[in-house]
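S.K.: Input final.cif, format and content: mmCIF, C-alpha atoms and all ligand atoms.
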```cif
data_protein
#
loop_
_atom_site.label_atom_id
_atom_site.label_comp_id
_atom_site.auth_asym_id
_atom_site.auth_seq_id
_atom_site.Cartn_x
_atom_site.Cartn_y
_atom_site.Cartn_z
CA MET J 1 24.24 -18.68 -50.15
CA GLN J 2 26.58 -16.82 -47.79
CA ILE J 3 28.09 -13.58 -49.07
CA GLN J 4 30.71 -11.46 -47.34
CA TRP J 5 30.30 -8.32 -49.41
CA TYR J 6 31.21 -5.31 -47.31
CA PRO J 7 34.90 -4.53 -47.72
CA GLY J 8 36.55 -2.09 -45.31
CA HIS J 9 37.13 0.66 -47.86
CA MET J 10 33.37 1.23 -48.08
CA THR J 11 33.20 2.63 -44.55
CA LYS J 12 35.82 5.17 -45.61
CA ALA J 13 33.96 5.89 -48.86
CA LYS J 14 30.70 6.48 -47.01
CA ARG J 15 32.41 9.01 -44.74
CA MET J 16 33.95 10.74 -47.77
CA LEU J 17 30.50 11.09 -49.36
CA ALA J 18 29.09 12.63 -46.18
CA GLU J 19 31.99 15.09 -45.96
CA ASN J 20 31.41 16.29 -49.54
CA LEU J 21 27.67 16.73 -49.22
CA LYS J 22 27.87 20.43 -48.43
CA LEU J 23 29.40 21.08 -51.87
CA ILE J 24 26.61 19.28 -53.69
CA ASP J 25 23.41 20.63 -55.29
CA VAL J 26 22.07 17.40 -56.80
CA VAL J 27 22.53 13.68 -56.21
CA ILE J 28 22.42 11.48 -59.32
CA GLU J 29 21.65 7.92 -58.28
CA LEU J 30 22.44 5.22 -60.82
CA LEU J 31 20.45 2.01 -60.54
CA ASP J 32 20.80 -1.06 -62.72
CA ALA J 33 17.71 -1.14 -64.96
CA ARG J 34 17.60 -4.95 -64.64
CA ALA J 35 17.17 -4.71 -60.86
CA PRO J 36 16.17 -1.20 -59.75
CA MET J 37 14.87 -2.30 -56.35
CA SER J 38 17.85 -4.44 -55.35
CA THR J 39 20.42 -1.92 -56.60
CA LYS J 40 18.88 0.92 -54.61
CA ASN J 41 21.10 1.45 -51.58
CA PRO J 42 18.68 1.77 -48.60
CA ASP J 43 21.19 4.01 -46.75
CA PHE J 44 20.91 6.72 -49.40
CA SER J 45 17.48 8.03 -48.42
CA ASP J 46 18.88 9.11 -45.03
CA MET J 47 22.29 10.16 -46.34
CA PHE J 48 20.83 12.46 -49.02
CA ILE J 49 17.66 13.46 -47.23
CA ASN J 50 17.79 17.18 -48.10
CA LYS J 51 19.22 16.85 -51.60
CA LYS J 52 17.49 17.03 -54.96
CA ARG J 53 17.60 13.59 -56.59
CA VAL J 54 17.78 12.34 -60.17
CA VAL J 55 17.43 8.58 -60.69
CA LEU J 56 18.91 6.98 -63.81
CA LEU J 57 18.10 3.38 -64.74
CA ASN J 58 21.42 2.59 -66.36
CA LYS J 59 22.28 -0.41 -68.57
CA SER J 60 18.74 -0.17 -69.93
CA ASP J 61 20.14 -1.70 -73.14
CA LEU J 62 20.36 -4.97 -71.16
CA ALA J 63 16.86 -4.81 -69.64
CA ASP J 64 13.34 -5.41 -70.89
CA GLU J 65 12.15 -2.07 -72.33
CA LYS J 66 8.55 -2.48 -71.19
CA ILE J 67 9.55 -3.20 -67.60
CA THR J 68 11.98 -0.26 -67.59
CA ALA J 69 9.09 1.99 -68.71
CA GLU J 70 7.02 0.62 -65.80
CA TRP J 71 9.84 1.45 -63.38
CA ILE J 72 10.05 5.01 -64.68
CA ARG J 73 6.32 5.45 -64.12
CA TYR J 74 6.70 3.93 -60.66
CA PHE J 75 9.40 6.44 -59.61
CA LYS J 76 7.56 9.37 -61.19
CA ALA J 77 4.40 8.44 -59.26
CA GLN J 78 6.50 8.96 -56.11
CA GLY J 79 7.60 12.40 -57.29
CA ILE J 80 11.13 11.18 -58.16
CA PHE J 81 12.53 12.16 -61.55
CA ALA J 82 13.68 9.00 -63.31
CA SER J 83 14.91 8.17 -66.78
CA GLU J 84 16.44 5.20 -68.55
CA PHE J 85 20.09 5.55 -69.54
CA VAL J 86 22.86 3.76 -71.43
CA ALA J 87 26.20 5.06 -70.18
CA THR J 88 28.09 3.54 -73.09
CA LYS J 89 26.18 5.62 -75.68
CA PRO J 90 26.05 9.41 -75.96
CA ASN J 91 22.46 9.85 -77.18
CA LYS J 92 20.90 10.79 -73.83
CA ARG J 93 23.62 13.20 -72.73
CA LYS J 94 21.65 16.40 -73.42
CA SER J 95 18.49 15.22 -71.69
CA ALA J 96 20.53 14.15 -68.64
CA ILE J 97 22.13 17.61 -68.46
CA MET J 98 18.68 19.17 -68.62
CA ALA J 99 17.36 16.89 -65.86
CA ILE J 100 20.31 17.76 -63.58
CA GLU J 101 19.96 21.50 -64.25
CA ASP J 102 16.25 21.25 -63.64
CA ALA J 103 16.82 19.58 -60.27
CA ALA J 104 19.22 22.41 -59.31
CA ARG J 105 17.08 25.23 -60.73
CA GLU J 106 15.65 26.55 -57.46
CA LYS J 107 19.08 26.92 -55.88
CA VAL J 108 20.67 28.40 -59.00
CA GLU J 109 17.91 31.00 -59.27
CA SER J 110 18.03 32.01 -55.63
CA MET J 111 21.81 32.51 -55.94
CA ARG J 112 21.32 34.48 -59.14
CA LYS J 113 19.03 36.89 -57.27
CA LYS J 114 22.00 37.55 -55.01
CA GLY J 115 24.14 38.20 -58.07
CA VAL J 116 26.03 34.87 -57.92
CA PHE J 117 26.29 32.74 -61.07
CA LYS J 118 26.55 29.28 -59.64
CA THR J 119 28.14 26.14 -61.09
CA VAL J 120 25.88 23.16 -60.46
CA ARG J 121 27.72 20.37 -58.64
CA ALA J 122 26.27 16.89 -58.71
CA MET J 123 27.46 13.71 -56.99
CA VAL J 124 27.07 10.45 -58.92
CA VAL J 125 26.27 7.63 -56.51
CA GLY J 126 25.26 3.99 -56.66
CA ILE J 127 26.31 0.50 -55.73
CA PRO J 128 29.47 -0.93 -57.38
CA ASN J 129 29.55 -1.64 -61.14
CA VAL J 130 26.30 0.13 -62.11
CA GLY J 131 28.16 2.43 -64.52
CA LYS J 132 28.86 5.62 -62.52
CA SER J 133 32.28 6.25 -64.06
CA SER J 134 31.02 5.33 -67.56
CA PHE J 135 28.19 7.85 -67.05
CA ILE J 136 30.69 10.58 -66.17
CA ASN J 137 32.83 9.77 -69.20
CA ILE J 138 29.92 9.85 -71.63
CA MET J 139 28.72 13.13 -70.10
CA ALA J 140 32.23 14.61 -70.37
CA GLY J 141 32.59 13.35 -73.94
CA ALA J 142 36.01 11.96 -72.98
CA SER J 143 37.48 9.12 -70.98
CA ARG J 144 38.16 10.89 -67.67
CA ALA J 145 37.26 8.31 -65.05
CA GLN J 146 38.54 4.74 -64.90
CA THR J 147 35.94 2.06 -65.67
CA GLY J 148 35.97 -1.74 -65.64
CA ASP J 149 33.70 -4.76 -65.81
CA ARG J 150 34.10 -5.60 -62.11
CA PRO J 151 33.07 -3.91 -58.84
CA GLY J 152 35.38 -1.61 -56.88
CA VAL J 153 37.15 0.07 -59.81
CA THR J 154 36.68 3.59 -58.44
CA GLN J 155 38.22 3.95 -54.98
CA GLY J 156 38.21 7.71 -54.37
CA LYS J 157 36.33 10.83 -55.47
CA GLN J 158 37.03 12.66 -58.72
CA TRP J 159 35.53 15.91 -60.03
CA VAL J 160 34.93 16.17 -63.78
CA LYS J 161 33.80 19.35 -65.55
CA ILE J 162 30.93 18.66 -67.97
CA THR J 163 29.97 22.18 -69.10
CA ASN J 164 30.81 25.68 -67.83
CA GLN J 165 27.83 25.36 -65.48
CA LEU J 166 28.04 21.72 -64.48
CA GLU J 167 30.54 19.54 -62.62
CA LEU J 168 30.08 15.90 -61.66
CA MET J 169 31.75 13.99 -58.85
CA ASP J 170 32.56 10.30 -59.35
CA THR J 171 32.36 8.17 -56.21
CA PRO J 172 33.23 4.60 -55.22
CA GLY J 173 30.35 2.13 -55.33
CA LEU J 174 28.69 1.75 -51.96
CA LEU J 175 26.89 -1.27 -50.54
CA TRP J 176 25.28 -1.51 -47.13
CA PRO J 177 26.52 -3.67 -44.26
CA LYS J 178 23.88 -6.40 -44.33
CA PHE J 179 21.72 -7.95 -47.03
CA GLU J 180 18.45 -8.76 -45.29
CA ASP J 181 16.85 -10.31 -48.32
CA GLU J 182 18.15 -13.36 -50.20
CA THR J 183 16.67 -12.16 -53.52
CA VAL J 184 18.37 -8.78 -53.21
CA ALA J 185 21.70 -10.52 -52.48
CA LYS J 186 21.29 -12.76 -55.50
CA HIS J 187 20.30 -10.02 -57.93
CA ILE J 188 23.18 -7.78 -56.87
CA SER J 189 25.57 -10.69 -57.30
CA PHE J 190 24.12 -11.70 -60.69
CA ILE J 191 24.80 -8.23 -62.12
CA GLY J 192 28.37 -8.18 -60.76
CA SER J 193 28.16 -5.66 -57.93
CA VAL J 194 29.73 -8.02 -55.38
CA ARG J 195 33.25 -9.31 -55.93
CA ASP J 196 33.02 -12.83 -57.35
CA GLU J 197 36.00 -13.79 -55.15
CA VAL J 198 33.76 -13.75 -52.06
CA ILE J 199 30.98 -15.82 -53.62
CA ASP J 200 30.51 -19.49 -54.43
CA ILE J 201 30.23 -18.69 -58.12
CA GLU J 202 29.09 -22.17 -59.16
CA GLU J 203 26.12 -21.83 -56.82
CA LEU J 204 25.54 -18.26 -58.05
CA ALA J 205 25.62 -19.28 -61.73
CA LYS J 206 23.25 -22.17 -61.03
CA GLN J 207 20.81 -19.78 -59.31
CA LEU J 208 21.14 -17.38 -62.25
CA LEU J 209 20.30 -20.15 -64.73
CA ILE J 210 17.26 -21.15 -62.65
CA THR J 211 16.11 -17.51 -62.66
CA LEU J 212 16.70 -17.11 -66.41
CA LEU J 213 14.87 -20.37 -67.13
CA GLN J 214 11.81 -18.74 -65.54
CA LEU J 215 12.20 -15.37 -67.28
CA ALA J 216 13.52 -16.26 -70.73
CA PRO J 217 13.76 -20.06 -71.17
CA GLU J 218 13.99 -20.01 -74.99
CA SER J 219 17.01 -17.68 -74.88
CA VAL J 220 18.78 -20.00 -72.44
CA PHE J 221 18.11 -23.08 -74.60
CA ALA J 222 19.25 -21.19 -77.71
CA ARG J 223 22.53 -20.19 -76.08
CA TYR J 224 23.39 -23.48 -74.35
CA LYS J 225 22.26 -26.17 -76.75
CA SER J 226 22.73 -29.18 -74.42
CA LEU J 227 20.40 -27.64 -71.86
CA ASN J 228 16.70 -28.52 -72.15
CA PRO J 229 13.47 -28.22 -70.12
CA ASP J 230 14.18 -31.59 -68.44
CA THR J 231 17.72 -30.77 -67.26
CA PRO J 232 17.71 -31.12 -63.45
CA HIS J 233 18.92 -28.02 -61.58
CA GLU J 234 21.86 -29.99 -60.19
CA GLN J 235 23.10 -30.63 -63.74
CA LEU J 236 22.64 -27.16 -65.27
CA LEU J 237 26.35 -26.30 -65.20
CA GLU J 238 27.26 -29.72 -66.60
CA ALA J 239 24.86 -29.07 -69.49
CA VAL J 240 26.50 -25.70 -70.13
CA ALA J 241 29.92 -27.40 -70.09
CA GLN J 242 28.70 -30.00 -72.52
CA SER J 243 27.31 -27.27 -74.82
CA ARG J 244 30.70 -25.56 -74.90
CA GLY J 245 33.00 -28.57 -74.75
CA PHE J 246 34.38 -27.66 -71.28
CA ILE J 247 35.70 -31.11 -70.44
CA LEU J 248 38.48 -31.83 -67.97
CA GLY J 249 39.12 -35.37 -69.20
CA LYS J 250 37.73 -38.73 -68.09
CA GLY J 251 34.23 -37.43 -68.89
CA GLU J 252 34.43 -34.81 -66.12
CA PHE J 253 32.93 -31.38 -66.87
CA ASP J 254 34.62 -28.08 -66.04
CA THR J 255 31.65 -26.59 -64.18
CA MET J 256 33.75 -23.73 -62.77
CA ARG J 257 34.42 -22.57 -66.32
CA SER J 258 30.70 -22.93 -67.08
CA ALA J 259 29.85 -20.78 -64.07
CA LYS J 260 32.22 -18.01 -65.18
CA ILE J 261 30.88 -18.09 -68.74
CA VAL J 262 27.24 -17.94 -67.66
CA LEU J 263 27.89 -14.98 -65.35
CA ASP J 264 30.00 -13.16 -67.96
CA GLU J 265 27.50 -13.72 -70.73
CA PHE J 266 24.55 -12.61 -68.61
CA ARG J 267 26.37 -9.48 -67.42
CA GLY J 268 27.30 -8.62 -70.98
CA GLY J 269 23.68 -9.02 -72.12
CA LYS J 270 24.51 -11.99 -74.35
CA ILE J 271 21.94 -14.47 -73.00
CA ALA J 272 18.83 -12.30 -73.10
CA LYS J 273 17.57 -8.78 -72.53
CA VAL J 274 15.84 -9.42 -69.23
CA SER J 275 14.67 -7.51 -66.19
CA LEU J 276 15.06 -9.43 -62.95
CA GLU J 277 12.52 -7.24 -61.15
CA ALA J 278 9.26 -5.53 -62.00
CA PRO J 279 7.84 -2.71 -59.86
CA PRO J 280 5.21 -3.65 -57.28
CA LYS J 281 1.66 -3.35 -58.66
CA GLU J 282 -0.43 -0.56 -57.10
N1 LIG J 301 25.81 -2.61 -71.68
C1 LIG J 301 26.12 -1.60 -70.87
N2 LIG J 301 27.27 -1.64 -70.17
C2 LIG J 301 27.55 -0.59 -69.36
C3 LIG J 301 26.69 0.53 -69.26
N3 LIG J 301 27.25 1.39 -68.37
C4 LIG J 301 28.39 0.84 -67.95
N4 LIG J 301 28.60 -0.35 -68.55
C5 LIG J 301 29.71 -1.29 -68.30
O1 LIG J 301 29.62 -1.70 -66.94
C6 LIG J 301 30.93 -1.87 -66.38
C7 LIG J 301 31.06 -1.04 -65.11
O2 LIG J 301 31.13 0.32 -65.45
P1 LIG J 301 31.82 1.42 -64.50
O3 LIG J 301 31.50 2.74 -65.10
O4 LIG J 301 33.22 1.09 -64.22
O5 LIG J 301 30.95 1.21 -63.16
P2 LIG J 301 31.07 1.98 -61.76
O6 LIG J 301 29.68 2.16 -61.24
O7 LIG J 301 31.89 3.20 -61.90
O8 LIG J 301 31.82 0.88 -60.89
P3 LIG J 301 32.71 1.05 -59.54
O9 LIG J 301 33.63 2.19 -59.72
O10 LIG J 301 33.41 -0.25 -59.44
O11 LIG J 301 31.72 1.25 -58.43
C8 LIG J 301 31.91 -1.50 -67.49
O12 LIG J 301 32.32 -2.69 -68.13
C9 LIG J 301 31.09 -0.63 -68.44
O13 LIG J 301 31.53 -0.69 -69.77
C10 LIG J 301 25.48 0.53 -70.02
O14 LIG J 301 24.65 1.44 -69.96
N5 LIG J 301 25.25 -0.56 -70.80
MG MG J 302 33.62 3.73 -61.01
#
```
Please express the file's structure as structure tokens.
Ligand SMILES: Nc1nc2c(ncn2[C@@H]2O[C@H](COP(=O)(O)OP(=O)(O)OP(=O)(O)O)[C@@H](O)[C@H]2O)c(=O)[nH]1
Ligand SMILES: [Mg+2]
M.R.:
Amino acid sequence: MQIQWYPGHMTKAKRMLAENLKLIDVVIELLDARAPMSTKNPDFSDMFINKKRVVLLNKSDLADEKITAEWIRYFKAQGIFASEFVATKPNKRKSAIMAIEDAAREKVESMRKKGVFKTVRAMVVGIPNVGKSSFINIMAGASRAQTGDRPGVTQGKQWVKITNQLELMDTPGLLWPKFEDETVAKHISFIGSVRDEVIDIEELAKQLLITLLQLAPESVFARYKSLNPDTPHEQLLEAVAQSRGFILGKGEFDTMRSAKIVLDEFRGGKIAKVSLEAPPKE
């Protein structure tokens, strides 16, 4: 599956992030809880080498709770603060503020000794569509940043005041120039971080169904009733079309419509609550 995923504006965005680093006390990295390894931008460890980091496993409402808990332990074992998050619900707002302030504490206290009361400034980073702007809105308690169910919604930076001591910077989603690993490319595409326009979405949806049939077969059969354990991979999209009555006439199935529905329903958490990746075992 060939994917051309690195649009030109990302080079500009990467430069913008680098230019703003000197203003920043903390970097908040949002990962998708369903695929924390694949949604971790490998460029970030170098880009943010001297910055305090907070990792949030966002969209945890769409992932398997037990596996998310394993991921949190995995990050903590590496000395990285990590927590699950749902950027569409306000219940974790306070604990996120505390985690950010905690990460900035050393700097705030050393400034205070010099008599300066510092506002903590944190940059929210991540690959496209992981929920950075939604996170900022839920933290601000108001719709300040534009969000959308597709990648590339945010194109520039935006500062949003959260409390008198905390400001967050929204940033455009950043990918890296080359996907080395086929699984990483697939997972990032499944969750909608690559523009569907540059992908063969019928192939992508077929791959997603194959993956879901391994992880949560009963949920797939329950959602698409014409699909069963004997359906050959080549006919998965036809079976979805048959389940939904997507027929073009003359007995031909609208497999493009099936592909879009499968991707949409997975991304919206309607097929199953699944994690695509578990942390490596020690
Ligand atoms: N179910 C669920 N949906 C979420 C969550 N966070 C964000 N979303 C949805 O995911 C989509 C993307 O959210 P955005 O906040 O626009 O993502 P972003 O990271 O800012 O995306 P770009 O600006 O394109 O890089 C939107 O449809 C949000 O409603 C979450 O925790 N759970
Ligand atoms: Mg955004």
S.K.: Any idea what's packed within 10 Å of Leu166 (chain J), counting all atoms listed in the file, ignoring anything in its chain fewer than 2 positions away? Could you give it as a list of chain:residue names?
M.R.: J:Ile97, J:Ile100, J:Glu101, J:Lys118, J:Thr119, J:Val120, J:Arg121, J:Ala122, J:Val160, J:Lys161, J:Ile162, J:Thr163, J:Asn164, J:Leu168
S.K.: Please extract the residues at most 7 Å from ligand LIG 301 (chain J), counting all atoms listed in the file, and provide them as a CSV table (one decimal) with C-alpha atoms, in the frame of the given file, using the chain letters and residue numbers of this document.
M.R.:
```csv
chain,number,residue,atom,x,y,z
J,58,ASN,CA,21.4,2.6,-66.4
J,59,LYS,CA,22.3,-0.4,-68.6
J,60,SER,CA,18.7,-0.2,-69.9
J,61,ASP,CA,20.1,-1.7,-73.1
J,62,LEU,CA,20.4,-5.0,-71.2
J,85,PHE,CA,20.1,5.6,-69.5
J,86,VAL,CA,22.9,3.8,-71.4
J,87,ALA,CA,26.2,5.1,-70.2
J,88,THR,CA,28.1,3.5,-73.1
J,126,GLY,CA,25.3,4.0,-56.7
J,127,ILE,CA,26.3,0.5,-55.7
J,128,PRO,CA,29.5,-0.9,-57.4
J,129,ASN,CA,29.6,-1.6,-61.1
J,130,VAL,CA,26.3,0.1,-62.1
J,131,GLY,CA,28.2,2.4,-64.5
J,132,LYS,CA,28.9,5.6,-62.5
J,133,SER,CA,32.3,6.2,-64.1
J,134,SER,CA,31.0,5.3,-67.6
J,135,PHE,CA,28.2,7.8,-67.0
J,146,GLN,CA,38.5,4.7,-64.9
J,147,THR,CA,35.9,2.1,-65.7
J,148,GLY,CA,36.0,-1.7,-65.6
J,149,ASP,CA,33.7,-4.8,-65.8
J,150,ARG,CA,34.1,-5.6,-62.1
J,151,PRO,CA,33.1,-3.9,-58.8
J,152,GLY,CA,35.4,-1.6,-56.9
J,153,VAL,CA,37.2,0.1,-59.8
J,154,THR,CA,36.7,3.6,-58.4
J,155,GLN,CA,38.2,4.0,-55.0
J,172,PRO,CA,33.2,4.6,-55.2
J,173,GLY,CA,30.4,2.1,-55.3
J,268,GLY,CA,27.3,-8.6,-71.0
J,269,GLY,CA,23.7,-9.0,-72.1
```
S.K.: Would you kindly return, as a ChimeraX atom specification, each protein, DNA or RNA residue with an atom no farther than 12 Å from any atom of Lys76 (chain J), considering all atoms listed in the file and excluding same-chain residues fewer than 5 positions away?
M.R.: /J:53-56,69-71,81-83
S.K.: Could you please take those selected residues and save C-alpha atoms as a PDB file, keeping the file's coordinate frame?
M.R.:
```pdb
ATOM      1  CA  ARG J  53      17.600  13.590 -56.590  1.00  0.00           C
ATOM      2  CA  VAL J  54      17.780  12.340 -60.170  1.00  0.00           C
ATOM      3  CA  VAL J  55      17.430   8.580 -60.690  1.00  0.00           C
ATOM      4  CA  LEU J  56      18.910   6.980 -63.810  1.00  0.00           C
ATOM      5  CA  ALA J  69       9.090   1.990 -68.710  1.00  0.00           C
ATOM      6  CA  GLU J  70       7.020   0.620 -65.800  1.00  0.00           C
ATOM      7  CA  TRP J  71       9.840   1.450 -63.380  1.00  0.00           C
ATOM      8  CA  PHE J  81      12.530  12.160 -61.550  1.00  0.00           C
ATOM      9  CA  ALA J  82      13.680   9.000 -63.310  1.00  0.00           C
ATOM     10  CA  SER J  83      14.910   8.170 -66.780  1.00  0.00           C
TER      11      SER J  83
END
```
S.K.: Starting from the point (12.7, -29.2, -68.4), work out which residues of protein, DNA or RNA have an atom no more than 12 Å away when counting only C-alpha atoms; state them as JSON, numbers by chain.
M.R.: {"J": [210, 213, 214, 217, 218, 220, 221, 226, 227, 228, 229, 230, 231, 232, 233, 235, 236]}
S.K.: Any chance you can output those residues with C-alpha atoms as an mmCIF file, in the frame of the given file?
M.R.:
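So again-v5.cif came out as:
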```cif
data_model
loop_
_atom_site.group_PDB
_atom_site.id
_atom_site.type_symbol
_atom_site.label_atom_id
_atom_site.label_comp_id
_atom_site.auth_asym_id
_atom_site.auth_seq_id
_atom_site.Cartn_x
_atom_site.Cartn_y
_atom_site.Cartn_z
ATOM 1 C CA ILE J 210 17.260 -21.150 -62.650
ATOM 2 C CA LEU J 213 14.870 -20.370 -67.130
ATOM 3 C CA GLN J 214 11.810 -18.740 -65.540
ATOM 4 C CA PRO J 217 13.760 -20.060 -71.170
ATOM 5 C CA GLU J 218 13.990 -20.010 -74.990
ATOM 6 C CA VAL J 220 18.780 -20.000 -72.440
ATOM 7 C CA PHE J 221 18.110 -23.080 -74.600
ATOM 8 C CA SER J 226 22.730 -29.180 -74.420
ATOM 9 C CA LEU J 227 20.400 -27.640 -71.860
ATOM 10 C CA ASN J 228 16.700 -28.520 -72.150
ATOM 11 C CA PRO J 229 13.470 -28.220 -70.120
ATOM 12 C CA ASP J 230 14.180 -31.590 -68.440
ATOM 13 C CA THR J 231 17.720 -30.770 -67.260
ATOM 14 C CA PRO J 232 17.710 -31.120 -63.450
ATOM 15 C CA HIS J 233 18.920 -28.020 -61.580
ATOM 16 C CA GLN J 235 23.100 -30.630 -63.740
ATOM 17 C CA LEU J 236 22.640 -27.160 -65.270
#
```
S.K.: Select, from J:Ala63, J:Ala239, J:Ala103, J:Ile136, the residue with the minimum atom-to-atom distance to ligand MG 302 (chain J), counting only C-alpha atoms and all ligand atoms.
M.R.: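 Going through J:Ala63, J:Ala239, J:Ala103, J:Ile136 one by one, the smallest distance to ligand MG 302 (chain J) is for J:Ile136.
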S.K.: Would you mind listing what lies within 8 Å of Thr68 (chain J) as a short mmCIF file (atom, residue, chain, number, x, y, z; two decimals) with C-alpha atoms, in the coordinates of the input, with only C-alpha atoms counted and same-chain residues fewer than 4 positions away left out?
M.R.:
```cif
data_model
loop_
_atom_site.label_atom_id
_atom_site.label_comp_id
_atom_site.auth_asym_id
_atom_site.auth_seq_id
_atom_site.Cartn_x
_atom_site.Cartn_y
_atom_site.Cartn_z
CA ALA J 33 17.71 -1.14 -64.96
CA ARG J 34 17.60 -4.95 -64.64
CA LEU J 57 18.10 3.38 -64.74
CA SER J 60 18.74 -0.17 -69.93
CA ALA J 63 16.86 -4.81 -69.64
CA ASP J 64 13.34 -5.41 -70.89
CA ILE J 72 10.05 5.01 -64.68
CA GLU J 84 16.44 5.20 -68.55
CA SER J 275 14.67 -7.51 -66.19
#
```
S.K.: Would you mind telling me which residue in J:Lys89, J:Arg144, J:Lys22, J:Lys40 lies nearest to ligand MG 302 (chain J) when using all atoms listed in the file?
M.R.: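 Closest to ligand MG 302 (chain J), using all atoms listed in the file: J:Arg144.
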S.K.: I want to know what sits within 9 Å of Leu263 (chain J), based on all atoms listed in the file, with residues of the same chain fewer than 6 positions away left out; could you give that as a list in words?
M.R.: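 That gives Phe190, Ile191, Gly192, Ile201, Leu204, Ala205 and Leu208 of chain J.
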S.K.: Using only C-alpha atoms, determine which residues lie at most 12 Å from Lys186 (chain J), disregarding the query and same-chain residues fewer than 6 positions distant; provide the list as a list in words.
M.R.: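 Surrounding residues, per the criterion: Met1, Gln2, Ile3, Trp5, Ala35, Ser38, Thr39, Phe179, Glu180, Gly192, Ser193, Val194, Asp196, Ile199, Asp200, Ile201, Glu203, Leu204, Ala205, Lys206, Gln207, Leu208, Leu209, Ile210, Thr211, Leu276 and Glu277 of chain J.
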S.K.: For CA of Leu237 (chain J) and CA of Met256 (chain J), determine how far apart the two atoms are, in Å to one decimal place.
M.R.: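 So the two atoms, CA of Leu237 (chain J) and CA of Met256 (chain J), lie 8.2 Å apart.
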S.K.: Enter the distance from CA of Arg267 (chain J) to CA of Gly8 (chain J), in Å, rounded to one decimal.
M.R.: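 So the two atoms, CA of Arg267 (chain J) and CA of Gly8 (chain J), lie 25.4 Å apart.
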S.K.: Nearest residue to Asp170 (chain J) out of J:Ile80, J:Met37, J:Ile247, J:Val124, using all atoms listed in the file?
M.R.: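 Using all atoms listed in the file, Asp170 (chain J) sits closest to J:Val124.
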S.K.: So the first atom is CA of Arg244 (chain J) and the second is CA of Lys225 (chain J); what is the distance between them in Å, to one decimal place?
M.R.: 8.7 Å
S.K.: Name the closest residue to Glu65 (chain J) among the candidates J:Val274, J:Asn137, J:Gly249, J:Leu212; distances are taken between atoms, counting all atoms listed in the file.
M.R.: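 Ranked by minimum distance to Glu65 (chain J), first place goes to J:Val274.
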S.K.: Around all listed atoms of region 27-41 of chain J, padded 3 Å per side, what centre and edge lengths does the axis-aligned box have in Å to one decimal, as JSON?
M.R.:
```
{"center_x": 18.7, "center_y": 4.4, "center_z": -58.3, "size_x": 13.7, "size_y": 24.6, "size_z": 19.4}
```
S.K.: Of the candidates J:Ser143, J:Gln78, J:Ser243, J:Thr171, which one gets nearest to ligand MG 302 (chain J) if we count only C-alpha atoms and all ligand atoms?
M.R.: J:Thr171
S.K.: With distances taken over all atoms listed in the file, which of J:Gln165, J:Gln158, J:Ser189, J:Gln242 is nearest to ligand MG 302 (chain J)?
M.R.: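 Nearest to ligand MG 302 (chain J): J:Gln158.
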